[in-house]
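What follows is work-v6.csv (CSV, C-alpha atoms).
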chain,number,residue,atom,x,y,z
A,1,MET,CA,63.2,140.2,112.2
A,2,THR,CA,66.3,141.8,113.6
A,3,GLY,CA,64.8,143.2,116.8
A,4,ALA,CA,64.3,141.1,119.9
A,5,ASP,CA,60.9,142.7,120.4
A,6,HIS,CA,59.7,141.4,117.0
A,7,LEU,CA,61.1,137.9,117.7
A,8,ALA,CA,59.5,137.8,121.2
A,9,ALA,CA,56.1,139.0,119.9
A,10,MET,CA,55.9,136.4,117.2
A,11,LEU,CA,57.0,133.6,119.6
A,12,LEU,CA,54.6,134.8,122.3
A,13,ALA,CA,51.7,135.0,119.8
A,14,GLY,CA,52.2,131.4,118.8
A,15,ALA,CA,52.6,130.3,122.4
A,16,TRP,CA,49.4,132.0,123.4
A,17,ALA,CA,47.5,130.5,120.5
A,18,GLY,CA,48.8,127.1,121.7
A,19,ILE,CA,47.8,127.7,125.3
A,20,ILE,CA,44.3,128.6,124.2
A,21,GLY,CA,44.2,125.7,121.8
A,22,GLY,CA,41.4,124.5,119.6
A,23,ARG,CA,40.5,126.8,116.8
A,24,ALA,CA,42.6,129.6,118.3
A,25,ALA,CA,45.8,127.7,117.3
A,26,ARG,CA,44.8,128.2,113.7
A,27,VAL,CA,42.9,131.5,113.8
A,28,LEU,CA,45.3,133.6,115.9
A,29,PRO,CA,48.4,133.1,113.7
A,30,VAL,CA,46.4,133.9,110.5
A,31,ALA,CA,44.9,137.0,112.2
A,32,LEU,CA,48.3,138.3,113.2
A,33,LEU,CA,49.7,137.7,109.7
A,34,ALA,CA,46.8,139.4,108.0
A,35,ALA,CA,47.1,142.4,110.2
A,36,MET,CA,50.8,142.6,109.6
A,37,LEU,CA,50.2,142.8,105.9
A,38,GLY,CA,47.5,145.4,106.5
A,39,GLY,CA,49.9,147.4,108.6
A,40,PHE,CA,52.6,147.1,106.1
A,41,VAL,CA,50.4,148.4,103.3
A,42,THR,CA,49.1,151.4,105.4
A,43,ALA,CA,52.4,152.2,107.1
A,44,ALA,CA,52.8,155.6,105.4
A,45,LEU,CA,49.8,156.8,107.3
A,46,VAL,CA,51.3,156.2,110.7
A,47,PRO,CA,54.0,158.0,112.6
A,48,ALA,CA,57.0,155.9,113.4
A,49,GLY,CA,56.6,156.6,117.1
A,50,LEU,CA,53.2,155.0,117.1
A,51,ALA,CA,54.5,151.8,115.4
A,52,GLU,CA,57.2,151.4,118.1
A,53,ALA,CA,54.8,152.0,120.9
A,54,MET,CA,52.4,149.4,119.5
A,55,ILE,CA,55.3,146.9,119.3
A,56,GLY,CA,56.3,147.5,122.9
A,57,ALA,CA,52.7,147.2,124.0
A,58,SER,CA,52.3,144.0,121.9
A,59,VAL,CA,55.2,142.3,123.6
A,60,VAL,CA,53.9,143.1,127.1
A,61,GLY,CA,50.3,142.2,126.2
A,62,LEU,CA,51.2,138.9,124.6
A,63,ALA,CA,53.6,138.0,127.4
A,64,LEU,CA,50.9,138.7,130.0
A,65,ALA,CA,48.2,136.8,128.1
A,66,ALA,CA,50.5,133.8,127.7
A,67,LEU,CA,51.9,133.9,131.3
A,68,LEU,CA,48.4,134.3,132.8
A,69,ARG,CA,47.1,131.7,130.4
A,70,LEU,CA,44.2,133.9,129.5
A,71,ARG,CA,41.4,132.2,127.4
A,72,PRO,CA,39.2,135.0,126.2
A,73,PRO,CA,36.5,134.4,123.5
A,74,LEU,CA,38.1,133.7,120.1
A,75,TRP,CA,37.1,137.0,118.6
A,76,LEU,CA,38.7,138.9,121.4
A,77,ALA,CA,41.9,136.9,121.3
A,78,ALA,CA,42.0,137.3,117.5
A,79,ALA,CA,41.5,141.1,117.8
A,80,GLY,CA,44.3,141.3,120.3
A,81,VAL,CA,46.9,139.5,118.1
A,82,ALA,CA,45.6,141.5,115.1
A,83,LEU,CA,46.3,144.7,116.9
A,84,ALA,CA,49.8,143.4,117.7
A,85,GLY,CA,50.3,142.4,114.1
A,86,LEU,CA,49.2,145.8,112.9
A,87,GLY,CA,51.9,147.5,114.9
A,88,HIS,CA,54.6,145.1,113.6
A,89,GLY,CA,53.3,145.6,110.0
A,90,PHE,CA,53.5,149.4,110.4
A,91,ALA,CA,57.2,149.1,111.5
A,92,HIS,CA,58.1,146.8,108.6
A,93,GLY,CA,56.3,149.1,106.2
A,94,LEU,CA,58.3,152.1,107.4
A,95,GLU,CA,61.6,150.3,107.1
A,96,ALA,CA,61.0,148.4,103.8
A,97,PRO,CA,63.1,148.9,100.8
A,98,GLY,CA,61.5,150.4,97.6
A,99,GLY,CA,61.0,148.8,94.2
A,100,VAL,CA,60.9,145.1,93.5
A,101,ALA,CA,62.9,144.4,96.7
A,102,ARG,CA,59.8,145.4,98.6
A,103,ILE,CA,57.9,142.3,97.5
A,104,GLY,CA,60.7,140.0,98.7
A,105,PHE,CA,60.8,141.9,102.0
A,106,VAL,CA,57.1,141.5,102.7
A,107,VAL,CA,57.2,137.8,101.8
A,108,GLY,CA,60.2,137.3,104.0
A,109,PHE,CA,58.8,139.0,107.1
A,110,LEU,CA,55.5,137.2,106.7
A,111,LEU,CA,57.2,133.8,106.3
A,112,THR,CA,59.5,134.5,109.2
A,113,ALA,CA,56.5,135.6,111.4
A,114,ALA,CA,54.7,132.4,110.5
A,115,VAL,CA,57.6,130.2,111.3
A,116,LEU,CA,58.2,131.9,114.7
A,117,GLN,CA,54.5,131.5,115.6
A,118,LEU,CA,54.8,127.8,114.7
A,119,ALA,CA,57.8,127.6,117.0
A,120,GLY,CA,55.8,129.2,119.8
A,121,LEU,CA,53.0,126.7,119.2
A,122,GLY,CA,55.6,123.8,119.2
A,123,VAL,CA,57.1,124.9,122.5
A,124,VAL,CA,53.7,124.9,124.1
A,125,ALA,CA,52.9,121.5,122.7
A,126,LEU,CA,56.2,120.1,124.1
A,127,VAL,CA,55.9,121.8,127.5
A,128,GLY,CA,52.2,121.0,127.7
A,129,ARG,CA,53.0,117.4,127.9
A,130,ALA,CA,54.8,117.9,131.2
A,131,LEU,CA,52.9,120.9,132.7
A,132,PRO,CA,49.2,121.8,132.7
A,133,LEU,CA,49.1,125.0,130.5
A,134,ARG,CA,45.3,125.4,130.1
A,135,SER,CA,43.5,127.7,132.5
A,136,ALA,CA,39.9,128.0,133.4
A,137,MET,CA,40.3,131.8,133.8
A,138,TRP,CA,38.2,132.3,130.6
A,139,HIS,CA,35.8,130.0,128.9
A,140,LYS,CA,37.2,127.4,126.5
A,141,VAL,CA,37.6,128.5,122.9
A,142,GLY,CA,37.2,126.2,119.9
Give the structure from the file, written as structure tokens.
Amino acid sequence: MTGADHLAAMLLAGAWAGIIGGRAARVLPVALLAAMLGGFVTAALVPAGLAEAMIGASVVGLALAALLRLRPPLWLAAAGVALAGLGHGFAHGLEAPGGVARIGFVVGFLLTAAVLQLAGLGVVALVGRALPLRSAMWHKVG
């Protein structure tokens, strides 16, 4: 995770999951990680430009979802973070080393993504004690 866009997307995904709360706090991080792995495995089928465009869109989309405190149905939120994860997985698949090092690389980026999402969840939990982060814009999930 050397790029600020990757870092921001993982933190934002965790934060949005925390803002939605309930089951979303568990489902969204898993959906993102599963999609990242899927994107990694299928990266050879995707042009590099598409992967980068998806990453940029994911940062903007996740930032808007978190800032607007959107609370869509769980399936829609999970699909959104999965789409973001797919783009990030594509990018990692395109830059991954070959051979045995590839296994360590995929484990490393999945663990890093999980920790960053947990950090986003943690920030929301801390801030949520002082500020109302839940919105009635969408129905409650969970």
Given all atoms listed in the file as the basis, pick out the residue of A:Met10, A:Ala125, A:Ala91, A:Leu118 nearest to Gly49 (chain A).
A:Ala91
Determine, using only C-alpha atoms, which residues of region 20-47 of chain A have any atom at most 10 Å from an atom of region 60-79 of chain A, and tabulate each with its shortest atom pair and distance in Å to one decimal place, rows ordered by chain and then rising number, as a tab-separated table.
residue	atom	partner	partner_atom	distance
A:Ile20	CA	A:Arg71	CA	5.6
A:Gly21	CA	A:Arg71	CA	9.0
A:Gly22	CA	A:Leu74	CA	9.8
A:Arg23	CA	A:Leu74	CA	8.0
A:Ala24	CA	A:Leu74	CA	6.3
A:Val27	CA	A:Ala78	CA	6.9
A:Leu28	CA	A:Ala78	CA	5.2
A:Pro29	CA	A:Ala78	CA	8.5
A:Val30	CA	A:Ala78	CA	8.9
A:Ala31	CA	A:Ala78	CA	6.0
A:Leu32	CA	A:Ala78	CA	7.7
A:Ala35	CA	A:Ala79	CA	9.5
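Shortest separation to Leu86 (chain A) among A:Gly128, A:Gly56, A:Gly38, A:Gly108 occurs at residue A:Gly38, atoms counted being all atoms listed in the file.
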As a count of residues only, please: the residues near Glu95 (chain A) (cut-off 12 Å, all atoms listed in the file, same-chain neighbours under 2 positions excluded).
21
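Between CA of Ile19 (chain A) and CA of Gly87 (chain A) lies a distance of 22.7 Å.
With all atoms listed in the file as the atoms that count, the residue of A:Ala4, A:Ile55, A:Trp16, A:Leu33 with the shortest distance to Ala114 (chain A) is A:Leu33.
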In Å, rounded to a single decimal, give me how far CA of Gln117 (chain A) is from CA of Leu7 (chain A).
9.4 Å
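Distance check against Leu83 (chain A) using all atoms listed in the file: of A:Ala25, A:Ala53, A:Val100, A:Leu110, the minimum falls on A:Ala53.
Minimum atom-to-atom distance to His6 (chain A), evaluated using all atoms listed in the file, belongs to A:Ala84 out of A:Leu121, A:Leu111, A:Leu94, A:Ala84.
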